[in-house]
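Text of structure10.csv (CSV, C-alpha atoms) as supplied:
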chain,number,residue,atom,x,y,z
A,283,MET,CA,57.4,25.9,21.5
A,284,ALA,CA,56.5,22.4,22.6
A,285,PRO,CA,53.6,22.3,25.2
A,286,THR,CA,54.6,21.5,28.7
A,287,ARG,CA,53.6,18.2,30.3
A,288,ARG,CA,50.7,20.0,32.2
A,289,GLU,CA,49.4,21.7,29.0
A,290,PHE,CA,49.6,18.4,27.1
A,291,LEU,CA,47.6,16.5,29.7
A,292,LYS,CA,44.9,19.3,29.8
A,293,MET,CA,44.5,19.1,26.0
A,294,THR,CA,44.2,15.3,26.1
A,295,GLY,CA,41.6,15.6,28.8
A,296,PHE,CA,39.4,18.1,27.0
A,297,SER,CA,39.6,16.2,23.7
A,298,ALA,CA,38.5,13.0,25.4
A,299,ALA,CA,35.6,14.9,27.0
A,300,GLY,CA,34.6,16.3,23.6
A,301,LEU,CA,34.5,12.8,22.1
A,302,VAL,CA,32.4,11.3,24.9
A,303,LEU,CA,29.9,14.3,25.3
A,304,PRO,CA,27.5,13.5,22.4
A,305,PHE,CA,27.0,9.9,23.6
A,306,LEU,CA,25.9,10.8,27.1
A,307,PRO,CA,22.4,9.4,27.7
A,308,SER,CA,20.7,12.7,28.5
A,309,LEU,CA,21.9,14.5,25.4
A,310,ALA,CA,21.5,11.5,23.1
A,311,SER,CA,17.9,11.0,24.2
A,312,ALA,CA,17.2,14.6,23.6
A,313,GLN,CA,18.3,14.2,20.0
A,314,ALA,CA,16.6,10.9,19.4
A,315,GLY,CA,13.4,12.1,21.0
A,316,THR,CA,12.6,14.3,18.0
A,317,ALA,CA,12.3,11.4,15.6
A,318,GLY,CA,9.2,9.2,15.6
A,319,THR,CA,7.3,10.9,18.4
A,320,VAL,CA,3.7,11.7,18.0
A,321,GLY,CA,3.4,15.4,18.6
A,322,SER,CA,0.3,16.9,20.1
A,323,SER,CA,-1.4,19.5,18.0
A,324,PRO,CA,-4.7,21.3,18.3
A,325,ALA,CA,-7.5,19.1,16.9
A,326,VAL,CA,-8.8,19.7,13.4
A,327,PRO,CA,-11.7,22.1,13.7
A,328,GLY,CA,-15.0,20.3,13.7
A,329,GLY,CA,-13.4,16.8,14.1
A,330,LEU,CA,-13.3,14.2,16.9
A,331,PRO,CA,-10.4,14.2,19.2
A,332,ALA,CA,-7.6,11.9,18.0
A,333,LEU,CA,-7.4,8.4,19.5
A,334,LYS,CA,-4.1,8.0,21.3
A,335,ALA,CA,-2.4,5.0,22.9
A,336,LYS,CA,0.9,4.0,24.4
A,337,ARG,CA,0.9,0.8,22.3
A,338,TRP,CA,-1.6,0.1,19.6
A,339,ALA,CA,-2.3,-3.6,19.1
A,340,MET,CA,-4.9,-5.9,17.4
A,341,THR,CA,-6.6,-9.1,18.4
A,342,ILE,CA,-8.1,-11.4,15.8
A,343,GLU,CA,-10.6,-14.1,16.6
A,344,PRO,CA,-10.9,-16.0,13.3
A,345,ARG,CA,-13.5,-18.5,14.7
A,346,LYS,CA,-16.0,-15.6,14.8
A,347,CYS,CA,-15.5,-15.0,11.0
A,348,ARG,CA,-18.4,-15.9,8.7
A,349,PRO,CA,-17.4,-18.2,5.8
A,350,ASP,CA,-16.3,-16.4,2.6
A,351,CYS,CA,-16.6,-13.0,4.3
A,352,THR,CA,-14.1,-10.5,2.9
A,353,ASP,CA,-15.6,-7.3,4.4
A,354,CYS,CA,-12.3,-6.3,6.2
A,355,ILE,CA,-10.3,-6.6,3.0
A,356,ALA,CA,-12.8,-4.6,0.9
A,357,ALA,CA,-13.1,-1.8,3.5
A,358,CYS,CA,-9.4,-1.5,3.9
A,359,HIS,CA,-8.5,-1.5,0.3
A,360,LEU,CA,-11.3,0.9,-0.6
A,361,GLU,CA,-10.1,3.3,2.2
A,362,HIS,CA,-6.5,3.2,1.2
A,363,ASN,CA,-6.7,3.2,-2.6
A,364,VAL,CA,-5.1,-0.3,-2.8
A,365,PRO,CA,-4.8,-1.3,-6.5
A,366,ASP,CA,-5.8,-4.6,-7.9
A,367,PHE,CA,-3.3,-5.7,-10.6
A,368,LYS,CA,-5.3,-8.9,-11.3
A,369,ASN,CA,-2.0,-10.9,-11.1
A,370,PRO,CA,-1.3,-12.8,-7.9
A,371,LYS,CA,2.5,-12.2,-8.3
A,372,ASP,CA,2.1,-8.4,-8.1
A,373,ASP,CA,-0.8,-8.3,-5.6
A,374,ILE,CA,-0.8,-5.4,-3.2
A,375,ARG,CA,-2.2,-6.6,0.1
A,376,TRP,CA,-2.7,-4.6,3.2
A,377,ILE,CA,-4.9,-7.3,4.7
A,378,SER,CA,-5.6,-10.7,3.3
A,379,LEU,CA,-6.8,-14.2,4.3
A,380,GLU,CA,-4.5,-17.3,4.6
A,381,LYS,CA,-5.0,-20.8,6.0
A,382,ILE,CA,-3.3,-21.8,9.2
A,383,GLY,CA,-0.6,-23.8,7.4
A,384,HIS,CA,0.8,-20.6,6.1
A,385,VAL,CA,0.1,-18.3,9.0
A,386,PHE,CA,1.3,-20.6,11.8
A,387,PRO,CA,3.4,-23.3,10.1
A,388,ALA,CA,4.8,-24.5,13.4
A,389,GLU,CA,1.3,-25.1,14.8
A,390,ALA,CA,-0.2,-26.8,11.8
A,391,HIS,CA,0.1,-30.5,12.2
A,392,PRO,CA,-2.0,-33.2,10.5
A,393,ARG,CA,-4.3,-33.7,13.5
A,394,ILE,CA,-5.6,-30.2,13.6
A,395,PRO,CA,-9.4,-30.3,13.4
A,396,GLU,CA,-10.6,-29.5,9.9
A,397,LEU,CA,-12.6,-26.6,11.3
A,398,ILE,CA,-9.4,-24.8,12.1
A,399,ALA,CA,-7.3,-26.1,9.3
A,400,GLU,CA,-9.7,-24.6,6.7
A,401,LEU,CA,-10.3,-21.4,8.6
A,402,PRO,CA,-9.3,-18.3,6.8
A,403,LEU,CA,-7.1,-16.2,9.1
A,404,PRO,CA,-6.8,-12.4,8.4
A,405,ILE,CA,-3.2,-11.4,8.1
A,406,LEU,CA,-1.8,-7.9,8.0
A,407,CYS,CA,1.3,-6.0,9.2
A,408,ASN,CA,2.1,-7.1,12.7
A,409,HIS,CA,3.4,-3.6,13.7
A,410,CYS,CA,6.3,-5.4,15.5
A,411,ALA,CA,7.7,-3.9,18.7
A,412,ASN,CA,11.1,-4.9,17.2
A,413,PRO,CA,10.5,-4.4,13.5
A,414,THR,CA,13.1,-5.9,11.1
A,415,CYS,CA,11.9,-3.7,8.3
A,416,VAL,CA,12.8,-0.5,10.2
A,417,ARG,CA,16.3,-1.8,10.9
A,418,VAL,CA,17.0,-2.5,7.2
A,419,CYS,CA,15.4,0.6,5.6
A,420,PRO,CA,18.3,2.6,4.2
A,421,THR,CA,16.3,5.9,4.0
A,422,GLN,CA,14.3,5.6,7.2
A,423,ALA,CA,11.2,5.6,5.1
A,424,THR,CA,9.9,3.0,7.4
A,425,PHE,CA,9.9,4.0,11.1
A,426,LYS,CA,8.3,3.1,14.4
A,427,ARG,CA,6.2,5.7,16.0
A,428,ALA,CA,6.1,6.2,19.8
A,429,ASP,CA,2.6,4.6,19.9
A,430,GLY,CA,4.0,1.4,18.2
A,431,ILE,CA,2.6,1.9,14.7
A,432,VAL,CA,5.2,0.9,12.1
A,433,MET,CA,4.7,3.7,9.5
A,434,MET,CA,5.8,4.3,6.0
A,435,ASP,CA,6.9,7.7,4.6
A,436,TYR,CA,6.1,7.0,1.0
A,437,HIS,CA,8.0,10.3,0.1
A,438,ARG,CA,11.2,8.7,1.2
A,439,CYS,CA,10.8,5.2,-0.2
A,440,ILE,CA,13.3,4.4,-2.9
A,441,GLY,CA,11.9,1.0,-3.8
A,442,CYS,CA,15.0,-1.0,-2.7
A,443,ARG,CA,12.7,-3.7,-1.2
A,444,PHE,CA,15.1,-4.5,1.7
A,445,CYS,CA,12.0,-4.3,3.9
A,446,MET,CA,10.2,-6.9,1.9
A,447,ALA,CA,13.2,-9.2,2.2
A,448,ALA,CA,13.4,-8.5,6.0
A,449,CYS,CA,9.7,-8.9,6.9
A,450,PRO,CA,9.2,-12.5,7.9
A,451,TYR,CA,5.4,-12.2,7.4
A,452,GLY,CA,5.3,-11.0,3.8
A,453,SER,CA,3.3,-8.0,4.9
A,454,ARG,CA,4.8,-5.7,2.3
A,455,SER,CA,3.9,-5.2,-1.3
A,456,MET,CA,5.7,-3.4,-4.1
A,457,ASN,CA,4.2,-1.3,-6.8
A,458,TYR,CA,5.9,-2.7,-9.9
A,459,ARG,CA,3.7,-0.4,-12.1
A,460,ASP,CA,1.8,2.8,-11.7
A,461,PRO,CA,-1.1,1.8,-9.4
A,462,ARG,CA,-3.5,4.6,-10.3
A,463,PRO,CA,-5.2,2.9,-13.3
A,464,PHE,CA,-5.8,-0.2,-11.3
A,465,ILE,CA,-7.7,1.4,-8.4
A,466,GLY,CA,-11.4,0.7,-8.8
A,467,LYS,CA,-12.7,3.7,-7.0
A,468,ILE,CA,-10.3,6.4,-5.8
A,469,ASN,CA,-10.9,7.7,-2.2
A,470,PRO,CA,-9.8,11.4,-2.5
A,471,ALA,CA,-9.1,11.6,1.2
A,472,PHE,CA,-6.1,9.3,1.0
A,473,PRO,CA,-3.2,9.5,-1.5
A,474,THR,CA,-2.3,6.7,-3.9
A,475,ARG,CA,1.2,5.4,-4.3
A,476,ALA,CA,3.6,5.8,-7.1
A,477,LYS,CA,5.5,3.2,-9.2
A,478,GLY,CA,8.5,1.8,-7.4
A,479,VAL,CA,7.2,2.3,-3.9
A,480,VAL,CA,6.5,-0.4,-1.2
A,481,GLU,CA,3.3,-0.2,0.8
A,482,LYS,CA,1.7,-1.9,3.7
A,483,CYS,CA,-0.9,-1.6,6.5
A,484,ASN,CA,-0.6,1.5,8.6
A,485,PHE,CA,-3.1,0.5,11.4
A,486,CYS,CA,-5.3,3.3,9.9
A,487,GLU,CA,-3.2,6.0,11.6
A,488,GLU,CA,-5.0,8.6,9.5
A,489,ARG,CA,-8.3,7.4,10.9
A,490,LEU,CA,-7.0,7.3,14.5
A,491,ALA,CA,-5.9,10.9,14.1
A,492,ARG,CA,-9.6,11.7,13.2
A,493,GLY,CA,-10.8,9.7,16.2
A,494,VAL,CA,-12.1,6.8,14.2
A,495,LEU,CA,-11.1,3.1,14.7
A,496,PRO,CA,-9.4,1.2,11.8
A,497,ALA,CA,-11.5,0.5,8.7
A,498,CYS,CA,-11.2,-3.3,9.0
A,499,VAL,CA,-12.3,-3.3,12.7
A,500,ILE,CA,-15.4,-1.2,11.8
A,501,ALA,CA,-16.2,-3.2,8.8
A,502,CYS,CA,-16.2,-6.6,10.6
A,503,LYS,CA,-19.9,-7.3,11.5
A,504,ASP,CA,-18.8,-10.4,13.6
A,505,LYS,CA,-16.5,-8.4,15.9
A,506,ALA,CA,-13.6,-10.8,15.0
A,507,LEU,CA,-11.1,-7.9,15.0
A,508,GLY,CA,-10.3,-6.0,18.2
A,509,PHE,CA,-8.2,-2.9,18.4
A,510,GLY,CA,-6.9,-0.9,21.4
A,511,ASP,CA,-4.1,0.1,23.7
A,512,LEU,CA,-2.2,-2.9,25.0
A,513,GLU,CA,-0.7,-0.8,27.8
A,514,ASP,CA,-4.1,0.1,29.1
A,515,PRO,CA,-5.4,-2.6,31.5
A,516,ARG,CA,-9.0,-1.6,30.9
A,517,SER,CA,-8.9,-1.7,27.1
A,518,GLY,CA,-11.1,-4.1,25.1
A,519,ILE,CA,-8.2,-6.0,23.7
A,520,ARG,CA,-6.7,-6.6,27.1
A,521,SER,CA,-10.0,-8.3,28.3
A,522,ILE,CA,-9.9,-10.4,25.1
A,523,LEU,CA,-6.3,-11.4,25.7
A,524,ASP,CA,-7.1,-12.2,29.4
A,525,LYS,CA,-9.6,-14.9,28.3
A,526,GLY,CA,-7.0,-17.5,27.3
A,527,LEU,CA,-4.1,-18.4,25.1
A,528,SER,CA,-3.3,-16.2,22.2
A,529,LEU,CA,-0.8,-16.8,19.4
A,530,ARG,CA,1.6,-14.4,17.6
A,531,ARG,CA,3.1,-15.2,14.3
A,532,ARG,CA,6.7,-16.6,14.5
A,533,PRO,CA,7.5,-15.2,18.0
A,534,GLU,CA,10.8,-17.2,18.0
A,535,LEU,CA,12.2,-14.6,15.6
A,536,GLY,CA,12.2,-11.9,18.3
A,537,THR,CA,10.3,-9.3,16.2
A,538,LEU,CA,7.6,-9.0,19.0
A,539,PRO,CA,4.5,-8.9,16.7
A,540,GLN,CA,1.5,-6.9,18.1
A,541,VAL,CA,-1.3,-8.8,16.3
A,542,TYR,CA,-2.6,-11.5,18.5
A,543,TYR,CA,-4.6,-14.5,17.2
A,544,ILE,CA,-7.1,-16.2,19.5
A,545,LEU,CA,-7.9,-19.7,18.1
B,234,MET,CA,49.3,27.9,-44.5
B,235,LYS,CA,46.8,26.3,-46.8
B,236,LEU,CA,43.3,25.6,-45.6
B,237,TYR,CA,41.9,22.5,-47.4
B,238,ASN,CA,38.2,22.4,-48.2
B,239,LYS,CA,37.9,26.1,-47.4
B,240,LYS,CA,34.3,26.4,-48.5
B,241,MET,CA,33.0,23.5,-46.4
B,242,VAL,CA,35.0,24.4,-43.3
B,243,ILE,CA,33.8,28.0,-43.3
B,244,ALA,CA,30.2,27.0,-44.1
B,245,GLY,CA,30.4,24.4,-41.3
B,246,LEU,CA,31.8,26.9,-38.8
B,247,ALA,CA,29.1,29.4,-39.7
B,248,VAL,CA,26.3,26.8,-39.2
B,249,PHE,CA,27.9,25.8,-35.9
B,250,LEU,CA,28.1,29.4,-34.7
B,251,ILE,CA,24.5,30.1,-35.6
B,252,ALA,CA,23.2,26.9,-33.9
B,253,ALA,CA,25.3,27.4,-30.8
B,254,THR,CA,24.2,31.0,-30.3
B,255,PHE,CA,20.6,30.3,-31.3
B,256,PRO,CA,19.2,30.5,-27.7
B,257,LEU,CA,21.0,33.8,-27.1
B,258,TRP,CA,19.5,35.8,-30.0
B,259,TYR,CA,16.3,34.0,-30.8
B,260,GLY,CA,14.3,35.2,-27.8
B,261,ARG,CA,15.8,38.7,-27.8
B,262,GLY,CA,13.3,41.5,-27.4
B,263,LYS,CA,10.4,39.1,-27.0
B,264,ALA,CA,9.3,39.0,-23.4
B,265,VAL,CA,7.4,35.9,-22.3
B,266,LEU,CA,4.5,37.1,-20.3
B,267,PRO,CA,4.4,35.9,-16.7
B,268,PRO,CA,1.6,33.4,-16.1
B,269,ASP,CA,-1.9,34.7,-15.4
B,270,LEU,CA,-3.0,32.8,-12.3
B,271,LYS,CA,-6.7,32.4,-11.8
B,272,LEU,CA,-8.0,32.9,-8.3
B,273,ASP,CA,-11.7,32.9,-9.2
B,274,THR,CA,-12.7,29.4,-7.9
B,275,PRO,CA,-16.1,29.1,-6.2
B,276,ALA,CA,-14.4,28.4,-2.8
B,277,ILE,CA,-12.3,31.5,-3.0
B,278,GLU,CA,-15.2,33.6,-4.2
B,279,ARG,CA,-17.1,32.5,-1.1
B,280,LEU,CA,-14.4,33.7,1.3
B,281,LYS,CA,-15.2,36.9,3.1
B,282,GLU,CA,-11.6,37.8,3.4
B,283,LYS,CA,-9.5,36.5,0.6
B,284,ARG,CA,-6.4,35.3,2.5
B,285,CYS,CA,-4.2,32.2,2.0
B,286,VAL,CA,-2.8,30.3,4.9
B,287,GLU,CA,0.1,32.8,5.1
B,288,PRO,CA,0.5,36.2,3.4
B,289,VAL,CA,0.6,36.1,-0.4
B,290,ALA,CA,4.3,37.2,-0.7
B,291,TYR,CA,5.4,34.5,1.7
B,292,MET,CA,3.3,31.8,-0.1
B,293,ARG,CA,4.7,32.8,-3.5
B,294,THR,CA,8.3,32.4,-2.4
B,295,ASN,CA,8.0,29.8,0.3
B,296,HIS,CA,5.1,27.4,-0.5
B,297,ARG,CA,7.7,24.7,-1.3
B,298,SER,CA,9.3,24.8,2.2
B,299,LEU,CA,5.9,25.2,3.8
B,300,LEU,CA,4.6,22.0,2.0
B,301,ALA,CA,7.8,20.1,2.9
B,302,ALA,CA,7.4,21.1,6.5
B,303,TRP,CA,3.7,20.0,6.4
B,304,ARG,CA,4.7,16.7,4.9
B,305,ASP,CA,7.2,16.0,7.7
B,306,ASP,CA,4.8,17.2,10.3
B,307,VAL,CA,2.0,14.8,9.3
B,308,VAL,CA,4.0,11.7,8.4
B,309,ARG,CA,6.9,11.8,10.8
B,310,GLU,CA,5.5,13.8,13.8
B,311,GLY,CA,1.8,13.0,13.6
B,312,LYS,CA,1.0,16.7,13.7
B,313,ARG,CA,-2.1,17.4,11.5
B,314,THR,CA,-2.9,21.0,12.0
B,315,TYR,CA,-0.9,24.1,11.2
B,316,THR,CA,-1.2,27.3,13.2
B,317,ALA,CA,-0.6,30.2,10.9
B,318,THR,CA,1.3,33.3,12.0
B,319,ASP,CA,-2.1,35.1,12.4
B,320,GLY,CA,-3.3,32.4,14.7
B,321,ARG,CA,-5.8,30.6,12.4
B,322,ILE,CA,-5.6,26.8,12.6
B,323,HIS,CA,-5.6,24.9,9.3
B,324,PRO,CA,-5.8,21.1,8.8
B,325,ILE,CA,-2.7,20.0,7.0
B,326,ALA,CA,-3.7,18.5,3.7
B,327,LEU,CA,-2.6,19.1,0.1
B,328,THR,CA,-5.7,17.8,-1.5
B,329,GLY,CA,-8.0,19.0,1.2
B,330,THR,CA,-6.7,22.3,2.3
B,331,CYS,CA,-4.7,23.6,-0.7
B,332,LEU,CA,-6.8,22.3,-3.5
B,333,GLY,CA,-9.9,22.9,-1.4
B,334,CYS,CA,-9.6,26.6,-2.3
B,335,HIS,CA,-7.4,26.3,-5.4
B,336,SER,CA,-9.6,23.8,-7.1
B,337,ASN,CA,-8.4,25.0,-10.5
B,338,LYS,CA,-5.0,23.3,-10.4
B,339,LYS,CA,-4.5,23.7,-14.2
B,340,GLN,CA,-4.9,27.5,-14.0
B,341,PHE,CA,-3.2,27.9,-10.7
B,342,CYS,CA,-0.4,25.4,-9.9
B,343,ASP,CA,0.4,24.3,-13.4
B,344,ARG,CA,0.6,27.7,-15.1
B,345,CYS,CA,3.4,28.9,-12.8
B,346,HIS,CA,5.2,25.5,-12.7
B,347,ASP,CA,5.2,25.3,-16.5
B,348,TYR,CA,6.5,28.9,-16.8
B,349,SER,CA,9.4,28.3,-14.3
B,350,GLY,CA,10.1,24.7,-15.6
B,351,ALA,CA,9.3,23.2,-12.1
B,352,LYS,CA,8.2,19.6,-12.1
B,353,PRO,CA,6.9,18.8,-8.6
B,354,THR,CA,6.1,15.1,-8.1
B,355,CYS,CA,3.2,15.7,-5.6
B,356,TRP,CA,0.5,14.5,-8.0
B,357,SER,CA,1.9,11.1,-8.7
B,358,CYS,CA,0.3,10.1,-5.4
B,359,HIS,CA,-1.8,13.1,-4.1
B,360,ILE,CA,-5.1,13.3,-5.7
B,361,ILE,CA,-6.5,16.1,-7.8
B,362,PRO,CA,-10.2,16.1,-7.0
B,363,GLU,CA,-11.3,17.4,-10.4
B,364,GLU,CA,-9.6,14.4,-12.1
B,365,VAL,CA,-11.2,11.7,-10.0
B,366,ARG,CA,-14.7,13.1,-10.2
For this file, produce the structure as structure tokens.
Amino acid sequence: MAPTRREFLKMTGFSAAGLVLPFLPSLASAQAGTAGTVGSSPAVPGGLPALKAKRWAMTIEPRKCRPDCTDCIAACHLEHNVPDFKNPKDDIRWISLEKIGHVFPAEAHPRIPELIAELPLPILCNHCANPTCVRVCPTQATFKRADGIVMMDYHRCIGCRFCMAACPYGSRSMNYRDPRPFIGKINPAFPTRAKGVVEKCNFCEERLARGVLPACVIACKDKALGFGDLEDPRSGIRSILDKGLSLRRRPELGTLPQVYYIL
Amino acid sequence: MKLYNKKMVIAGLAVFLIAATFPLWYGRGKAVLPPDLKLDTPAIERLKEKRCVEPVAYMRTNHRSLLAAWRDDVVREGKRTYTATDGRIHPIALTGTCLGCHSNKKQFCDRCHDYSGAKPTCWSCHIIPEEVR
């Protein structure tokens, strides 16, 4: 028996409601809220309380750097078992030094004082607020946490290197070989990576969870690196940023980098 | 009907049958002993009450799902402690917590994994303390 006009209209109405229901803001946010949030859990017995923030960010004041100092790189790479393949093409870099011509190509004109033109600037993952690498990752191995850290889940990385192509800062490195034999001294507290996995700086999220500041920040004797909560008006990095003009790398791309350079 | 090359065909069939059924009759009557897992590491000896994170029966069947849940808790959720069903709180760490007690990976993890033909890829990244020392 064919439905009456009234029954037909009822059916259409319920089907339309069923289609729209999952996209209603309250329900959608309840689902999305489970991914990428930093859950609170009881502190590890005997440890410091975890450092928490609304938005982690870093300030870099390269003019404070001592010439030829690589303390931040050494500390970071030792902490995170970063291999040294002895080949610049395959280098794994969580943090490294570059001249201004490569870091801020738009600002580097021929009349820049030599002091600044020759200054080595520490470069690392910018932990963008709008990260391109997260958008392109097909397995969601790279994701943005609620506190702004752009994190990698090495378990999920399939080595497609889309993120390397997407990152405008070259912050990501690929393990073309098994990195284990190329790690000078293995830190047992942090895993190594496997062949075919991309890696990058993680803002020392494993140290923040133990209540310790990032390794590069602690290693810098000249206090050139600052780290803190950008959303907290009383934080140290906010007072550094308040002093004057700060630069971010390639802001015109809209990635909203969260590493600020004070030159 | 005439069968050409009778000898060769029948011999070939016999060889094929023996080879194809080899796995069925070779191991018959011989039981492979289940692995003998060693629980005598110094860390376990020191424990007053010899208890894993969860009861032994649960760990034996479900350690894989527990470890997968731990992995997602730490990496995706930022949750670094595990509250066991008996209320004890453990830091979530494969190298630290699991191998902290089971420091004899070769006599504990590997024996059972070899026996059951499991090839977990944990150790391509996670560190076995006895190997780096």
Surrounding residues of Ala471 in chain A excluding itself and chain neighbours under 5 positions, 9 Å, all atoms listed in the file, as a count of residues only
5
Please produce, as a tab-separated table, a per-residue contact table for range 334-357 of chain A versus range 374-398 of chain A (criterion: any atom at most 12 Å away, all atoms listed in the file considered), showing the nearest atom pair and its distance in Å to one decimal, sorted by chain then residue number.
residue	atom	partner	partner_atom	distance
A:Ile342	CA	A:Leu379	CA	11.9
A:Glu343	CA	A:Ile398	CA	11.7
A:Pro344	CA	A:Ile398	CA	9.0
A:Arg345	CA	A:Ile398	CA	8.0
A:Lys346	CA	A:Ile398	CA	11.6
A:Cys347	CA	A:Leu379	CA	11.0
A:Pro349	CA	A:Leu397	CA	11.1
A:Asp350	CA	A:Leu379	CA	9.9
A:Cys351	CA	A:Leu379	CA	9.9
A:Thr352	CA	A:Leu379	CA	8.3
A:Asp353	CA	A:Ser378	CA	10.6
A:Cys354	CA	A:Ile377	CA	7.6
A:Ile355	CA	A:Ile377	CA	5.7
A:Ala356	CA	A:Ile377	CA	9.2
A:Ala357	CA	A:Ile377	CA	9.9
Quick check: residues of chain B within 8 Å of chain A, all atoms listed in the file, returned as a ChimeraX atom specification.
/B:308-314,322-324,328-329,357-362,365
Find the residues around range 413-416 of chain A up to 10 Å (only C-alpha atoms counted), leave out those fewer than 2 positions away in its own chain, and share them as an NGL selection string.
:A and (408-411 or 418-426 or 430 or 432-434 or 443-450 or 454 or 535-539)
Any idea what the distance is between CA of Pro496 in chain A and CA of Ile465 in chain A?
20.3 Å
Which one of B:Lys271, B:Arg297, B:Arg304, B:Arg284 sits closest to Arg344 in chain B if you count all atoms listed in the file?
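Closest to Arg344 in chain B of all the choices is B:Lys271.
Of the residues under consideration (B:Phe255, B:Tyr237, B:Cys355, B:Glu287), B:Cys355 shows the shortest atom-to-atom contact distance to Cys342 in chain B when counting only C-alpha atoms.
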Gap from CA of Asp343 in chain B to CA of Pro267 in chain B - Å, one decimal
12.7 Å
Residue neighbourhood Lys525 in chain A, 12 Å, only C-alpha atoms, exclusion window fewer than 5 positions, as a ChimeraX atom specification:
/A:341,343,518-520,544-545
Identify the residues within 12 Å of coordinate (-10.9, 31.5, -8.7) (same frame as the file), considering all atoms listed in the file, and give the answer as a VMD selection string.
chain B and resid 269 to 280 283 332 to 341
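The coordinates place CA of Val479 in chain A at 13.4 Å from CA of Asp373 in chain A.
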